[in-house]
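**Q** What follows is query.cif, mmCIF, C-alpha atoms and all ligand atoms.
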data_model
loop_
_atom_site.group_PDB
_atom_site.id
_atom_site.type_symbol
_atom_site.label_atom_id
_atom_site.label_comp_id
_atom_site.auth_asym_id
_atom_site.auth_seq_id
_atom_site.Cartn_x
_atom_site.Cartn_y
_atom_site.Cartn_z
ATOM 1 C CA MET Y 19 12.775 25.079 -2.853
ATOM 2 C CA LYS Y 20 10.038 26.734 -4.870
ATOM 3 C CA ILE Y 21 6.722 25.153 -4.032
ATOM 4 C CA PRO Y 22 5.551 22.784 -6.792
ATOM 5 C CA ARG Y 23 2.097 23.604 -8.133
ATOM 6 C CA ARG Y 24 0.553 20.388 -6.890
ATOM 7 C CA LEU Y 25 1.735 21.028 -3.324
ATOM 8 C CA GLN Y 26 0.468 24.597 -3.112
ATOM 9 C CA PRO Y 27 -3.007 23.595 -1.785
ATOM 10 C CA LEU Y 28 -1.355 21.794 1.151
ATOM 11 C CA VAL Y 29 0.656 24.913 1.980
ATOM 12 C CA ASP Y 30 -2.465 27.094 1.647
ATOM 13 C CA ASP Y 31 -4.375 24.768 3.981
ATOM 14 C CA GLY Y 32 -1.560 24.946 6.530
ATOM 15 C CA LEU Y 33 -1.022 21.199 6.268
ATOM 16 C CA ILE Y 34 2.659 21.673 5.461
ATOM 17 C CA ASP Y 35 5.037 24.588 6.093
ATOM 18 C CA ALA Y 36 7.735 24.178 3.451
ATOM 19 C CA VAL Y 37 8.957 21.929 0.675
ATOM 20 C CA LEU Y 38 12.578 20.896 1.252
ATOM 21 C CA GLY Y 39 13.405 18.805 -1.785
ATOM 22 C CA GLN Y 40 12.461 15.971 -4.073
ATOM 23 C CA LEU Y 41 13.284 12.301 -3.657
ATOM 24 C CA MET Y 42 13.802 10.073 -6.622
ATOM 25 C CA SER Y 43 10.941 10.327 -9.099
ATOM 26 C CA GLY Y 44 9.320 6.943 -9.642
ATOM 27 C CA LYS Y 45 7.278 5.663 -12.533
ATOM 28 C CA GLU Y 46 3.957 6.569 -10.988
ATOM 29 C CA ALA Y 47 4.621 9.425 -8.639
ATOM 30 C CA GLN Y 48 6.951 12.116 -7.353
ATOM 31 C CA VAL Y 49 7.886 12.130 -3.702
ATOM 32 C CA TYR Y 50 8.871 15.341 -1.903
ATOM 33 C CA VAL Y 51 10.384 15.888 1.518
ATOM 34 C CA VAL Y 52 8.273 18.510 3.269
ATOM 35 C CA ARG Y 53 8.373 20.194 6.652
ATOM 36 C CA ARG Y 54 5.362 20.114 8.908
ATOM 37 C CA GLY Y 55 6.115 22.027 12.098
ATOM 38 C CA GLU Y 56 9.324 20.472 13.402
ATOM 39 C CA GLU Y 57 8.743 17.256 11.529
ATOM 40 C CA HIS Y 58 9.915 16.104 8.110
ATOM 41 C CA CYS Y 59 7.345 14.120 6.122
ATOM 42 C CA CYS Y 60 6.935 12.796 2.603
ATOM 43 C CA ALA Y 61 4.379 14.098 0.125
ATOM 44 C CA LYS Y 62 3.629 11.698 -2.738
ATOM 45 C CA VAL Y 63 2.156 13.361 -5.805
ATOM 46 C CA PHE Y 64 0.573 10.954 -8.234
ATOM 47 C CA LYS Y 65 1.176 11.572 -11.889
ATOM 48 C CA GLU Y 66 -1.769 12.279 -14.147
ATOM 49 C CA ALA Y 67 -3.591 9.106 -15.101
ATOM 50 C CA ARG Y 68 -2.275 9.246 -18.671
ATOM 51 C CA GLN Y 69 1.344 9.155 -17.507
ATOM 52 C CA ARG Y 70 0.846 6.190 -15.264
ATOM 53 C CA SER Y 71 1.586 2.750 -16.477
ATOM 54 C CA PHE Y 72 0.841 -0.786 -15.514
ATOM 55 C CA LYS Y 73 -0.431 -0.539 -11.989
ATOM 56 C CA GLN Y 74 -3.886 0.558 -13.006
ATOM 57 C CA ALA Y 75 -4.308 -2.575 -15.101
ATOM 58 C CA VAL Y 76 -7.599 -4.392 -14.706
ATOM 59 C CA GLN Y 77 -5.822 -7.206 -12.909
ATOM 60 C CA TYR Y 78 -5.304 -5.016 -9.868
ATOM 61 C CA GLN Y 79 -8.788 -3.502 -9.832
ATOM 62 C CA GLU Y 80 -10.817 -6.652 -9.477
ATOM 63 C CA GLY Y 81 -12.464 -7.096 -6.099
ATOM 64 C CA ARG Y 82 -12.168 -3.439 -5.160
ATOM 65 C CA ARG Y 83 -15.473 -2.156 -4.024
ATOM 66 C CA GLY Y 84 -16.705 1.256 -5.049
ATOM 67 C CA ARG Y 85 -18.408 3.268 -2.351
ATOM 68 C CA ASN Y 86 -21.871 2.618 -3.714
ATOM 69 C CA SER Y 87 -23.379 0.648 -6.507
ATOM 70 C CA ARG Y 88 -24.203 3.679 -8.674
ATOM 71 C CA ARG Y 89 -20.505 4.502 -8.738
ATOM 72 C CA GLU Y 90 -19.603 0.921 -9.372
ATOM 73 C CA ARG Y 91 -21.907 0.774 -12.379
ATOM 74 C CA ALA Y 92 -20.516 4.067 -13.668
ATOM 75 C CA MET Y 93 -16.951 2.818 -13.266
ATOM 76 C CA ALA Y 94 -17.804 -0.278 -15.229
ATOM 77 C CA LYS Y 95 -19.370 1.758 -18.028
ATOM 78 C CA LYS Y 96 -16.397 4.071 -18.535
ATOM 79 C CA THR Y 97 -18.511 7.199 -18.778
ATOM 80 C CA ARG Y 98 -16.713 10.416 -17.938
ATOM 81 C CA TYR Y 99 -18.279 10.312 -14.512
ATOM 82 C CA GLY Y 100 -17.156 6.703 -14.317
ATOM 83 C CA GLN Y 101 -13.598 7.583 -15.240
ATOM 84 C CA ARG Y 102 -13.476 10.302 -12.622
ATOM 85 C CA GLU Y 103 -14.741 7.874 -10.018
ATOM 86 C CA GLN Y 104 -12.201 5.315 -11.163
ATOM 87 C CA GLU Y 105 -9.400 7.848 -10.774
ATOM 88 C CA GLN Y 106 -10.592 8.808 -7.298
ATOM 89 C CA ALA Y 107 -10.842 5.163 -6.280
ATOM 90 C CA TRP Y 108 -7.283 4.627 -7.481
ATOM 91 C CA LEU Y 109 -5.910 7.561 -5.524
ATOM 92 C CA ASN Y 110 -7.787 6.510 -2.409
ATOM 93 C CA ALA Y 111 -6.494 2.961 -2.631
ATOM 94 C CA GLU Y 112 -3.015 3.720 -1.274
ATOM 95 C CA VAL Y 113 -4.337 5.746 1.658
ATOM 96 C CA GLU Y 114 -6.828 3.042 2.521
ATOM 97 C CA ALA Y 115 -4.164 0.347 2.266
ATOM 98 C CA LEU Y 116 -1.772 2.336 4.487
ATOM 99 C CA GLN Y 117 -4.482 2.886 7.094
ATOM 100 C CA ARG Y 118 -5.544 -0.713 7.114
ATOM 101 C CA LEU Y 119 -1.978 -2.046 7.263
ATOM 102 C CA ALA Y 120 -0.802 0.403 9.919
ATOM 103 C CA ALA Y 121 -3.764 -0.692 12.063
ATOM 104 C CA ALA Y 122 -2.762 -4.325 11.539
ATOM 105 C CA GLY Y 123 0.763 -3.625 12.790
ATOM 106 C CA VAL Y 124 2.466 -3.853 9.391
ATOM 107 C CA ARG Y 125 5.567 -1.656 9.110
ATOM 108 C CA VAL Y 126 4.395 1.018 6.644
ATOM 109 C CA PRO Y 127 4.732 4.826 6.748
ATOM 110 C CA ALA Y 128 1.915 6.302 8.850
ATOM 111 C CA PRO Y 129 -0.554 8.133 6.557
ATOM 112 C CA LEU Y 130 -1.002 11.758 7.692
ATOM 113 C CA GLY Y 131 -3.446 13.153 5.176
ATOM 114 C CA PHE Y 132 -4.719 13.039 1.632
ATOM 115 C CA VAL Y 133 -5.513 16.300 -0.154
ATOM 116 C CA ASP Y 134 -6.101 16.934 -3.870
ATOM 117 C CA GLY Y 135 -4.444 13.707 -4.928
ATOM 118 C CA VAL Y 136 -1.406 14.250 -2.694
ATOM 119 C CA LEU Y 137 -0.614 11.692 -0.017
ATOM 120 C CA LEU Y 138 1.124 13.035 3.070
ATOM 121 C CA MET Y 139 2.902 10.395 5.134
ATOM 122 C CA GLU Y 140 5.546 9.775 7.719
ATOM 123 C CA MET Y 141 9.070 9.919 6.325
ATOM 124 C CA ILE Y 142 11.020 6.720 6.920
ATOM 125 C CA THR Y 143 14.550 7.707 7.878
ATOM 126 C CA GLY Y 144 17.905 5.962 7.782
ATOM 127 C CA ALA Y 145 20.790 6.189 10.243
ATOM 128 C CA ASP Y 146 21.753 9.640 8.893
ATOM 129 C CA GLY Y 147 18.289 11.097 9.558
ATOM 130 C CA LEU Y 148 17.710 11.462 5.813
ATOM 131 C CA ALA Y 149 15.219 9.431 3.775
ATOM 132 C CA ALA Y 150 15.886 5.727 4.334
ATOM 133 C CA PRO Y 151 17.659 3.697 1.641
ATOM 134 C CA ARG Y 152 15.738 1.191 -0.457
ATOM 135 C CA LEU Y 153 16.775 -2.466 -0.317
ATOM 136 C CA ASP Y 154 18.235 -1.953 -3.756
ATOM 137 C CA ASP Y 155 20.651 0.655 -2.350
ATOM 138 C CA VAL Y 156 22.314 -1.571 0.230
ATOM 139 C CA THR Y 157 24.765 -4.457 0.131
ATOM 140 C CA LEU Y 158 24.023 -7.022 2.823
ATOM 141 C CA GLY Y 159 25.976 -9.709 4.601
ATOM 142 C CA ALA Y 160 24.479 -13.192 4.385
ATOM 143 C CA GLU Y 161 23.151 -13.195 7.946
ATOM 144 C CA GLN Y 162 21.647 -9.755 7.553
ATOM 145 C CA ALA Y 163 20.006 -10.841 4.313
ATOM 146 C CA VAL Y 164 18.442 -13.879 6.011
ATOM 147 C CA ALA Y 165 17.227 -11.705 8.894
ATOM 148 C CA HIS Y 166 15.715 -9.037 6.622
ATOM 149 C CA HIS Y 167 14.160 -11.693 4.395
ATOM 150 C CA HIS Y 168 12.561 -13.229 7.467
ATOM 151 C CA ALA Y 169 11.245 -9.811 8.522
ATOM 152 C CA VAL Y 170 9.774 -9.063 5.067
ATOM 153 C CA ILE Y 171 8.068 -12.465 4.989
ATOM 154 C CA ARG Y 172 6.521 -11.609 8.386
ATOM 155 C CA GLU Y 173 5.204 -8.333 6.937
ATOM 156 C CA VAL Y 174 3.779 -10.162 3.908
ATOM 157 C CA VAL Y 175 1.974 -12.560 6.261
ATOM 158 C CA ARG Y 176 0.625 -9.667 8.344
ATOM 159 C CA MET Y 177 -0.590 -7.928 5.174
ATOM 160 C CA LEU Y 178 -2.343 -11.067 3.991
ATOM 161 C CA CYS Y 179 -3.942 -11.547 7.412
ATOM 162 C CA ALA Y 180 -5.246 -7.980 6.962
ATOM 163 C CA GLY Y 181 -6.697 -9.025 3.588
ATOM 164 C CA LEU Y 182 -4.188 -7.418 1.207
ATOM 165 C CA VAL Y 183 -1.496 -8.515 -1.231
ATOM 166 C CA HIS Y 184 1.070 -5.812 -2.108
ATOM 167 C CA GLY Y 185 1.218 -6.762 -5.785
ATOM 168 C CA ASP Y 186 4.420 -4.847 -6.639
ATOM 169 C CA LEU Y 187 6.817 -5.897 -3.907
ATOM 170 C CA SER Y 188 10.440 -5.502 -4.940
ATOM 171 C CA GLU Y 189 13.773 -4.166 -3.686
ATOM 172 C CA PHE Y 190 12.569 -0.727 -4.844
ATOM 173 C CA ASN Y 191 9.477 -0.744 -2.646
ATOM 174 C CA VAL Y 192 11.030 -1.800 0.647
ATOM 175 C CA LEU Y 193 12.977 0.725 2.733
ATOM 176 C CA LEU Y 194 15.403 -0.059 5.548
ATOM 177 C CA ASP Y 195 15.303 1.902 8.777
ATOM 178 C CA ALA Y 196 17.059 1.174 12.071
ATOM 179 C CA ALA Y 197 14.445 -1.431 13.029
ATOM 180 C CA GLY Y 198 14.443 -3.236 9.659
ATOM 181 C CA PRO Y 199 12.328 -3.365 6.485
ATOM 182 C CA VAL Y 200 9.413 -0.964 5.908
ATOM 183 C CA ILE Y 201 6.931 -1.606 3.078
ATOM 184 C CA ILE Y 202 5.978 1.298 0.781
ATOM 185 C CA ASP Y 203 4.181 2.037 -2.512
ATOM 186 C CA LEU Y 204 0.727 0.495 -2.197
ATOM 187 C CA PRO Y 205 -1.748 2.034 -4.702
ATOM 188 C CA GLN Y 206 -1.967 -1.283 -6.556
ATOM 189 C CA ALA Y 207 -2.497 -3.445 -3.433
ATOM 190 C CA VAL Y 208 -5.118 -6.089 -4.177
ATOM 191 C CA ASP Y 209 -7.919 -7.541 -2.156
ATOM 192 C CA ALA Y 210 -6.757 -11.052 -1.243
ATOM 193 C CA ALA Y 211 -10.219 -12.571 -1.052
ATOM 194 C CA GLY Y 212 -11.902 -10.849 -4.005
ATOM 195 C CA ASN Y 213 -9.211 -10.882 -6.677
ATOM 196 C CA ASN Y 214 -8.524 -13.912 -8.851
ATOM 197 C CA SER Y 215 -4.907 -12.862 -9.386
ATOM 198 C CA ALA Y 216 -4.182 -12.574 -5.658
ATOM 199 C CA ALA Y 217 -2.493 -15.983 -5.345
ATOM 200 C CA MET Y 218 -0.268 -15.321 -8.340
ATOM 201 C CA LEU Y 219 0.618 -11.816 -7.143
ATOM 202 C CA LEU Y 220 1.436 -13.032 -3.642
ATOM 203 C CA ARG Y 221 3.772 -15.660 -5.016
ATOM 204 C CA ARG Y 222 5.407 -13.153 -7.309
ATOM 205 C CA ASP Y 223 5.909 -10.731 -4.404
ATOM 206 C CA VAL Y 224 7.477 -13.418 -2.233
ATOM 207 C CA ASP Y 225 9.591 -14.788 -5.084
ATOM 208 C CA ASN Y 226 10.912 -11.280 -5.826
ATOM 209 C CA MET Y 227 12.091 -11.037 -2.236
ATOM 210 C CA ARG Y 228 13.696 -14.472 -2.430
ATOM 211 C CA ALA Y 229 15.533 -13.493 -5.620
ATOM 212 C CA HIS Y 230 16.781 -10.260 -4.069
ATOM 213 C CA PHE Y 231 17.944 -11.597 -0.687
ATOM 214 C CA GLY Y 232 19.140 -14.805 -2.327
ATOM 215 C CA ARG Y 233 21.878 -12.788 -4.014
ATOM 216 C CA PHE Y 234 23.440 -12.294 -0.576
ATOM 217 C CA ALA Y 235 22.333 -15.583 1.015
ATOM 218 C CA PRO Y 236 22.079 -18.244 -1.731
ATOM 219 C CA ALA Y 237 20.521 -20.801 0.657
ATOM 220 C CA LEU Y 238 17.296 -18.760 0.436
ATOM 221 C CA HIS Y 239 16.860 -19.909 -3.159
ATOM 222 C CA ASP Y 240 15.789 -23.294 -1.770
ATOM 223 C CA THR Y 241 12.817 -21.832 0.097
ATOM 224 C CA ASP Y 242 9.232 -21.595 -1.094
ATOM 225 C CA TYR Y 243 7.424 -19.322 1.323
ATOM 226 C CA GLY Y 244 5.015 -18.004 -1.298
ATOM 227 C CA ARG Y 245 3.140 -21.223 -1.912
ATOM 228 C CA GLU Y 246 3.319 -22.188 1.755
ATOM 229 C CA ILE Y 247 1.788 -18.874 2.867
ATOM 230 C CA TRP Y 248 -0.986 -18.992 0.293
ATOM 231 C CA ALA Y 249 -1.869 -22.606 1.161
ATOM 232 C CA LEU Y 250 -2.218 -21.665 4.845
ATOM 233 C CA TYR Y 251 -4.280 -18.591 3.917
ATOM 234 C CA GLU Y 252 -6.636 -20.594 1.725
ATOM 235 C CA ALA Y 253 -7.075 -23.190 4.453
ATOM 236 C CA GLY Y 254 -8.010 -20.402 6.876
ATOM 237 C CA GLU Y 255 -4.962 -21.255 8.975
ATOM 238 C CA LEU Y 256 -2.768 -18.223 8.455
ATOM 239 C CA HIS Y 257 -2.144 -16.042 11.517
ATOM 240 C CA PRO Y 258 0.261 -13.124 11.957
ATOM 241 C CA ASP Y 259 2.575 -15.416 13.885
ATOM 242 C CA SER Y 260 2.008 -18.723 12.084
ATOM 243 C CA THR Y 261 5.080 -20.927 12.120
ATOM 244 C CA LEU Y 262 6.502 -21.168 8.612
ATOM 245 C CA THR Y 263 8.935 -23.736 7.315
ATOM 246 C CA GLY Y 264 9.941 -22.246 3.982
ATOM 247 C CA ARG Y 265 8.777 -25.494 2.372
ATOM 248 C CA PHE Y 266 5.608 -26.180 0.494
ATOM 249 C CA ALA Y 267 3.375 -29.055 1.642
ATOM 250 C CA GLY Y 268 4.470 -32.435 0.310
ATOM 251 C CA ASP Y 269 7.983 -31.391 1.046
ATOM 252 C CA THR Y 270 8.402 -32.364 4.677
ATOM 253 C CA THR Y 271 11.895 -31.200 5.598
ATOM 254 C CA ALA Y 272 11.726 -27.810 7.273
ATOM 255 C CA VAL Y 273 14.358 -25.169 6.714
ATOM 256 C CA ASP Y 274 16.075 -24.639 10.023
ATOM 257 C CA VAL Y 275 17.194 -21.010 10.198
ATOM 258 C CA ASP Y 276 20.059 -21.813 12.596
ATOM 259 C CA GLU Y 277 21.216 -24.479 10.194
ATOM 260 C CA LEU Y 278 20.938 -22.002 7.342
ATOM 261 C CA VAL Y 279 23.095 -19.460 9.163
ATOM 262 C CA THR Y 280 25.677 -22.149 9.976
ATOM 263 C CA LEU Y 281 25.771 -23.154 6.323
ATOM 264 C CA ILE Y 282 26.332 -19.559 5.309
ATOM 265 C CA GLU Y 283 29.094 -19.129 7.869
ATOM 266 C CA ASP Y 284 30.784 -22.301 6.669
ATOM 267 C CA ALA Y 285 30.640 -21.114 3.081
ATOM 268 C CA ARG Y 286 32.109 -17.790 4.075
ATOM 269 C CA GLU Y 287 34.927 -19.436 6.038
ATOM 270 C CA GLN Y 288 35.755 -21.677 3.101
ATOM 271 C CA GLU Y 289 35.857 -18.691 0.808
ATOM 272 C CA ALA Y 290 38.169 -16.804 3.199
ATOM 273 C CA TRP Y 291 40.446 -19.863 3.265
ATOM 274 C CA ARG Y 292 40.455 -20.064 -0.491
ATOM 275 C CA LEU Y 293 41.368 -16.382 -0.824
ATOM 276 C CA ALA Y 294 44.118 -16.710 1.784
ATOM 277 C CA ARG Y 295 45.551 -19.737 -0.036
ATOM 278 C CA GLU Y 296 45.464 -17.911 -3.354
ATOM 279 C CA ALA Y 297 47.276 -14.962 -1.806
ATOM 280 C CA GLN Y 298 49.893 -17.337 -0.373
ATOM 281 C CA ASP Y 299 50.339 -19.070 -3.716
ATOM 282 C CA GLU Y 300 51.029 -15.739 -5.332
ATOM 283 C CA GLU Y 301 53.791 -14.871 -2.880
HETATM 284 N N1 LIG Y 401 7.523 7.401 3.390
HETATM 285 C C1 LIG Y 401 8.696 7.483 2.749
HETATM 286 N N2 LIG Y 401 9.840 7.720 3.435
HETATM 287 C C2 LIG Y 401 11.022 7.789 2.791
HETATM 288 N N3 LIG Y 401 11.172 7.651 1.457
HETATM 289 C C3 LIG Y 401 10.076 7.410 0.714
HETATM 290 C C4 LIG Y 401 8.788 7.311 1.314
HETATM 291 N N4 LIG Y 401 7.879 7.070 0.331
HETATM 292 C C5 LIG Y 401 8.573 7.020 -0.822
HETATM 293 N N5 LIG Y 401 9.889 7.210 -0.620
HETATM 294 C C6 LIG Y 401 10.945 7.244 -1.655
HETATM 295 O O1 LIG Y 401 10.372 7.676 -2.884
HETATM 296 C C7 LIG Y 401 10.501 6.661 -3.898
HETATM 297 C C8 LIG Y 401 9.220 6.597 -4.749
HETATM 298 O O2 LIG Y 401 8.117 6.248 -3.929
HETATM 299 P P1 LIG Y 401 7.070 5.130 -4.371
HETATM 300 O O3 LIG Y 401 7.755 3.849 -4.583
HETATM 301 O O4 LIG Y 401 5.962 5.148 -3.390
HETATM 302 O O5 LIG Y 401 6.547 5.762 -5.738
HETATM 303 P P2 LIG Y 401 6.416 5.210 -7.216
HETATM 304 O O6 LIG Y 401 6.535 6.381 -8.098
HETATM 305 O O7 LIG Y 401 5.155 4.482 -7.266
HETATM 306 O O8 LIG Y 401 7.574 4.246 -7.489
HETATM 307 P P3 LIG Y 401 7.645 3.142 -8.660
HETATM 308 O O9 LIG Y 401 8.744 3.614 -9.547
HETATM 309 O O10 LIG Y 401 8.005 1.914 -7.889
HETATM 310 O O11 LIG Y 401 6.329 3.048 -9.326
HETATM 311 C C9 LIG Y 401 10.784 5.380 -3.130
HETATM 312 O O12 LIG Y 401 11.572 4.503 -3.879
HETATM 313 C C10 LIG Y 401 11.508 5.861 -1.901
HETATM 314 O O13 LIG Y 401 12.900 5.959 -2.143
HETATM 315 MG MG MG Y 402 8.010 2.465 -5.950
#
Let's see the structure in the file written out as structure tokens.
Ligand SMILES: Nc1ncnc2c1ncn2[C@@H]1O[C@H](COP(=O)(O)OP(=O)(O)OP(=O)(O)O)[C@@H](O)[C@H]1O
Ligand SMILES: [Mg+2]
**A**
Amino acid sequence: MKIPRRLQPLVDDGLIDAVLGQLMSGKEAQVYVVRRGEEHCCAKVFKEARQRSFKQAVQYQEGRRGRNSRRERAMAKKTRYGQREQEQAWLNAEVEALQRLAAAGVRVPAPLGFVDGVLLMEMITGADGLAAPRLDDVTLGAEQAVAHHHAVIREVVRMLCAGLVHGDLSEFNVLLDAAGPVIIDLPQAVDAAGNNSAAMLLRRDVDNMRAHFGRFAPALHDTDYGREIWALYEAGELHPDSTLTGRFAGDTTAVDVDELVTLIEDAREQEAWRLAREAQDEE
């Protein structure tokens, strides 16, 4: 395809060789599939600040440190210099989050470069070798839903252990590749220790995942991983492989995953029976 204006500098610098097409345009950015040597990657072009919406809200900014105090003061004062610094800090935030999370073993696309407000990253691919589907694009069986939910919760825990809360986790910002869920879209990620909204955002992230996977595995609606994870974090007891129960303290019965799967299987069997009986009745 014709090279979009914003990607031209990357072509000129020899960072990418060709632009192959555009993925779905989100609210905040456009994502292109580009070729880099033999490899396909994604280039995320952030929209101009004016066109962007909620993610730059103050709520997300708190606790982010500027690179030096002069910049921090300027950012606070909203001078033109301050605004430019603010914009740069915003654009850097996703790259920094990706680097930090990749280093912590979280499943995110590997960041490959950041030039003129364009983020170059690994392309997450599905079974067909094309860009991976989002959670929202796939229908899951109950067991699969429980397994993927479990995997996403693990990623959330790893992120929090690395000091970050995603802040906009939803079925649109999780991709599925052959090995399971991959977390994307992190410019709004918040500093877990320095942001007063972090606890609320973490719970919202986790509850979004429960609502999504719960559509395929209703037993998940009875879990409360969000509050459990935050309580462990606050107590300084959260580790990447902490044992979680899905229950919040005070509630002592643990959710047994095997039991959950059995329950789901039973429900499915009953439903199959019911359908078979209905079919028989109609004959
Ligand atoms: N590394 C990647 N590999 C494959 N597909 C990707 C990758 N990054 C982004 N995408 C695709 O591009 C879409 C938009 O990316 P992303 O969510 O980062 O941008 P956004 O504009 O901030 O979205 P939103 O509408 O959630 O604000 C994603 O939903 C996903 O389908
Ligand atoms: Mg998105």
**Q** Identify the residues around (21.3, -23.0, 1.2) within a radius of 8 Å, measuring from all atoms listed in the file in the coordinates stated by the file, and give them as a PyMOL selection string.
**A** chain Y and resi 235-240+278+281-282
**Q** Please produce a file of the residues just selected, as a PDB file, in the frame of the given file, where the atoms kept are C-alpha atoms.
**A**
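Written file, selection_28.pdb:
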ATOM      1  CA  ALA Y 235      22.333 -15.583   1.015  1.00  0.00           C
ATOM      2  CA  PRO Y 236      22.079 -18.244  -1.731  1.00  0.00           C
ATOM      3  CA  ALA Y 237      20.521 -20.801   0.657  1.00  0.00           C
ATOM      4  CA  LEU Y 238      17.296 -18.760   0.436  1.00  0.00           C
ATOM      5  CA  HIS Y 239      16.860 -19.909  -3.159  1.00  0.00           C
ATOM      6  CA  ASP Y 240      15.789 -23.294  -1.770  1.00  0.00           C
ATOM      7  CA  LEU Y 278      20.938 -22.002   7.342  1.00  0.00           C
ATOM      8  CA  LEU Y 281      25.771 -23.154   6.323  1.00  0.00           C
ATOM      9  CA  ILE Y 282      26.332 -19.559   5.309  1.00  0.00           C
TER      10      ILE Y 282
END
**Q** Atom CA of Y:Leu28 and atom CA of Y:Val133, how far apart in Å?
**A**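 We find that atom CA of Y:Val133 and atom CA of Y:Leu28 lie 7.0 Å from each other.
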**Q** Y:Glu161, Y:Asp274, Y:Asp154, Y:Glu46: which is nearest ligand MG 402 (chain Y), counting all atoms listed in the file?
**A**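 Of all the options, Y:Glu46 lies closest to ligand MG 402 (chain Y).
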**Q** Take the PyMOL selection byres (((chain Y and resi 81) around 8) and not hetatm), run it mentally on this structure, and tell me the resulting residues as a VMD selection string.
**A** chain Y and resid 79 to 80 82 to 83 208 to 209 211 to 213
**Q** Could you make a table, as a tab-separated table, of the residues of chain Y that have an atom within 6 Å of an atom of ligand MG 402 (chain Y), each with its nearest atom pair and distance in Å to one decimal, counting all atoms listed in the file, in chain and number order?
**A**
residue	atom	partner	partner_atom	distance
Y:Gly44	CA	Y:MG402	MG	5.9
Y:Phe190	CA	Y:MG402	MG	5.7
Y:Asn191	CA	Y:MG402	MG	4.8
Y:Asp203	CA	Y:MG402	MG	5.2
**Q** Padding 4 Å on every side, please: axis-aligned box over the listed atoms of ligand LIG 401 (chain Y), centre and edge lengths to one decimal in Å, as JSON.
**A**
{"center_x": 9.0, "center_y": 4.9, "center_z": -3.1, "size_x": 15.7, "size_y": 13.9, "size_z": 21.0}
**Q** Compare Y:Gly185, Y:Val49, Y:Leu33, Y:Arg222 by their minimum atom-to-atom distance to ligand LIG 401 (chain Y), counting only C-alpha atoms and all ligand atoms, and give me the closest one.
**A**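 Using only C-alpha atoms and all ligand atoms, ligand LIG 401 (chain Y) sits closest to Y:Val49.
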**Q** What residues have any atom no more than 9 Å from ligand LIG 401 (chain Y) when counting all atoms listed in the file, and can you list them as a ChimeraX atom specification?
**A** /Y:40-51,59-65,70-71,73,126-129,138-144,148-152,186-193,200,202-205
**Q** Go through Y:Gly135, Y:Gly123, Y:Gly254, Y:Gly100 one by one, measure the shortest atom-to-atom distance of each to Y:Arg24 using all atoms listed in the file, and give the residue with the smallest value.
**A** Y:Gly135
**Q** Please measure the separation of atom CA of Y:Arg23 and atom CA of Y:Phe132, giving the value in Å to one decimal.
**A**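 Computed distance, atom CA of Y:Arg23 to atom CA of Y:Phe132, equals 15.9 Å.
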**Q** Which residues are near Y:Val175? Cut-off 12 Å, all atoms listed in the file, ignore same chain within fewer than 4 positions. Put them as JSON, numbers by chain.
**A** {"Y": [119, 122, 123, 124, 125, 168, 169, 170, 171, 179, 180, 181, 182, 183, 184, 210, 220, 221, 223, 224, 243, 244, 245, 246, 247, 248, 249, 250, 251, 255, 256, 257, 258, 259, 260, 261, 262]}
**Q** Using only C-alpha atoms, which of Y:Val52, Y:Leu137, Y:Gln298, Y:Leu194 sits nearest Y:Glu114?
**A**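 Closest to Y:Glu114 of all the choices is Y:Leu137.
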**Q** Please work out which residues fall within 7 Å of (8.3, -25.8, 2.1), coordinates as given in the file, with all atoms listed in the file counting, and return them as a list in words.
**A** Thr241, Asp242, Tyr243, Glu246, Thr263, Gly264, Arg265, Phe266, Ala267, Asp269 and Ala272 of chain Y
**Q** Calculated over all atoms listed in the file, which of the candidates Y:Arg233, Y:Asp146, Y:Arg292, Y:Glu105 has the smallest distance to Y:Asp134?
**A**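 Looking at the shortest contact to Y:Asp134, the residue is Y:Glu105.
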